[in-house]
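Peer 1: What follows is a single structure, and I will ask about it in a moment.
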Amino acid sequence: METKLKPTRDFTDLKYGEGFGNHFCTEALPGALPKGQNSPQQCPYNLVAEQFSGTAFTVPRASNQRTWLYKIKPSVCHTPFKPCDPTKYKYIKNNFLNAEEMHTTPNQLRWKPLPYNKAEPKDWVESLVTVAGAGDPQIKQGIAIYLYSANKNMGNTVFYNSDGDFLVVPQEGTLFITTELGKMTVGPREICVLPRGLKFSIDLEQESRGYVCEVFKGHFKIPDLGPIGANGLANPRDFQAPVAWYENVEADFTLLNKFQGKMFQSTTKSSPFNVVAWHGNYAPCKYNLDNFNTMNTVSFDHPDPSIFTVLTCPTDEPGVAVCDFAIFPPRWMVAEHTFRPPYYHRNIMSEYMGNIQGVYDAKEGGFGPGCGSLHNIMTAHGPETDVFHKASNSELSPVKYPYENLAFMFESSYFINTTKFVMDDVVNVDHDYFQCWQKLEDLKLQTN
Ligand SMILES: O=C(O)Cc1cc(O)ccc1O
Ligand SMILES: [Fe+2]
């Protein structure tokens, strides 16, 4: 039976600020934001000013990100960090260059959904399982891909990640996220970005599962639109940021930190959610994927999936991503004289895919909601045998790729290694995945 949970804090009637990357001004008490300056000698309500920066001070203005917080107490009020019990977060690993702990293979990989731990319920951070990744947070190069399967509230356990931004993709259950900049709910068919350094705590109302992509350098942004023009795909106005919210609570809190891939813990005597007002453009955001304005061919051929990019975290090389987050959204398929599913391909990028809901058109079996797959750099992949035959012979009338189907991809320019533990015990790896293409061996050259 499913566990019934209740979020610790009140999430009714939440308000949001609107727009991607905006400079928001928000206060939970009237006049709490200082007027005309960031750091007055004394702040309104005896608050303390603190800058929270997401880019180096000196990056060009267009990409500069920082927020000013007005807090009941500054963030320095905590006991010294100690390493966490190594058994507690044993599936959080960011040492992707370590051959001892990582698995390297050019094979196509696929996994079944991450199970919930019913015997010993896990909160969101405790439930994180690193599936795959590249690089190392120490040199700010790379990416990590995790699954979560949480069935316990974090409550007064507060987490911040020094190593990068988290892009969270819920597959089952709404997340009730309290951040130091305010509260957000994020459910399936929605996503959120929790930027590097942000303190947050996640509560639940039911067992909740999903995917996380962490980028060790840079930040996610909405992609340039090129010839598409000024509108389309994920429109800026549909992104939402929390508004200032605080709790003035004296109690024991645990403060967790992922720092260079290792988990540390300290305590505070009052709530870290003590930001009464803030202004700036370094903030979490959420986005409803149903607002995605999908573009597709209205003539022939299958466009490259970059046309479905919701967010991208660029590398230093223009057009090449640490991670492109693309979705396979509901859309009309109208291409004439065309093989309509994804073409067979070998890619210069690595592709981790997940399924949020329904069926993915290239894989009608074995890739249900909660499953994952990985096709590394130059690893051949494409539709399974049955899909190939069906799509090669189907009548090409306009068809709606239904609302219920929603898969996504984290596409990265890095070689991706998997953790050793996802190759055996933690997530069920599908040892027979390769079989879905074997019958294509029967294809014969036809010369008459
Ligand atoms: O491999 C996949 O299923 C993802 C994908 C989808 C698509 O429409 C085109 C290329 C591609 O890699
Ligand atoms: Fe692909």
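A note on labels: chains of the structure tokens are A, B, ... as shown, every chain counts residues from 1, and ligands are counted from 1 in their shown order.
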Can you write out as a tab-separated table which residues of chain A fall within 10 Å of ligand 2, alongside each residue's closest atom pair and its distance in Å to one decimal, counting only C-alpha atoms and all ligand atoms and ordering rows by chain and ascending residue number?

Peer 2:
```
residue	atom	partner	partner_atom_place_in_ligand_line	distance
A:Asp304	CA	ligand 2	1 (Fe)	9.4
A:Pro305	CA	ligand 2	1 (Fe)	8.4
A:Pro342	CA	ligand 2	1 (Fe)	7.4
A:Tyr343	CA	ligand 2	1 (Fe)	8.2
A:Tyr344	CA	ligand 2	1 (Fe)	7.7
A:His345	CA	ligand 2	1 (Fe)	6.5
A:Arg346	CA	ligand 2	1 (Fe)	7.4
A:Asn347	CA	ligand 2	1 (Fe)	7.0
A:Met349	CA	ligand 2	1 (Fe)	8.9
A:Ser350	CA	ligand 2	1 (Fe)	8.2
A:Glu351	CA	ligand 2	1 (Fe)	6.1
A:Tyr352	CA	ligand 2	1 (Fe)	8.7
A:Met353	CA	ligand 2	1 (Fe)	8.6
A:Ala362	CA	ligand 2	1 (Fe)	9.5
A:Leu374	CA	ligand 2	1 (Fe)	9.0
A:His375	CA	ligand 2	1 (Fe)	6.9
A:Asn376	CA	ligand 2	1 (Fe)	9.2
A:Ile377	CA	ligand 2	1 (Fe)	10.0
A:Met378	CA	ligand 2	1 (Fe)	9.9
A:Thr379	CA	ligand 2	1 (Fe)	9.0
A:Ala380	CA	ligand 2	1 (Fe)	8.3
A:His381	CA	ligand 2	1 (Fe)	6.3
A:Gly382	CA	ligand 2	1 (Fe)	6.4
A:Pro383	CA	ligand 2	1 (Fe)	9.4
A:Met409	CA	ligand 2	1 (Fe)	8.7
A:Glu411	CA	ligand 2	1 (Fe)	8.8
```

Peer 1: Mind checking DSSP for range 157-257 of chain A and telling me the strand (DSSP E) residues as a ChimeraX atom specification?

Peer 2: /A:157-161,165-172,175-179,182-186,190-194,200-204,208-215,239-242,250-257

Peer 1: Using only C-alpha atoms, find the one residue out of A:Thr79, A:Gln65, A:Asn94, A:Thr105 that sits nearest to Met263 in chain A.

Peer 2: A:Asn94

Peer 1: Give me, as a PyMOL selection string, all polymer residues having an atom no more than 9 Å from Leu256 in chain A, counting only C-alpha atoms and skipping those fewer than 2 positions away in the same chain.

Peer 2: chain A and resi 81+84+157-161+199+254+258+263-267
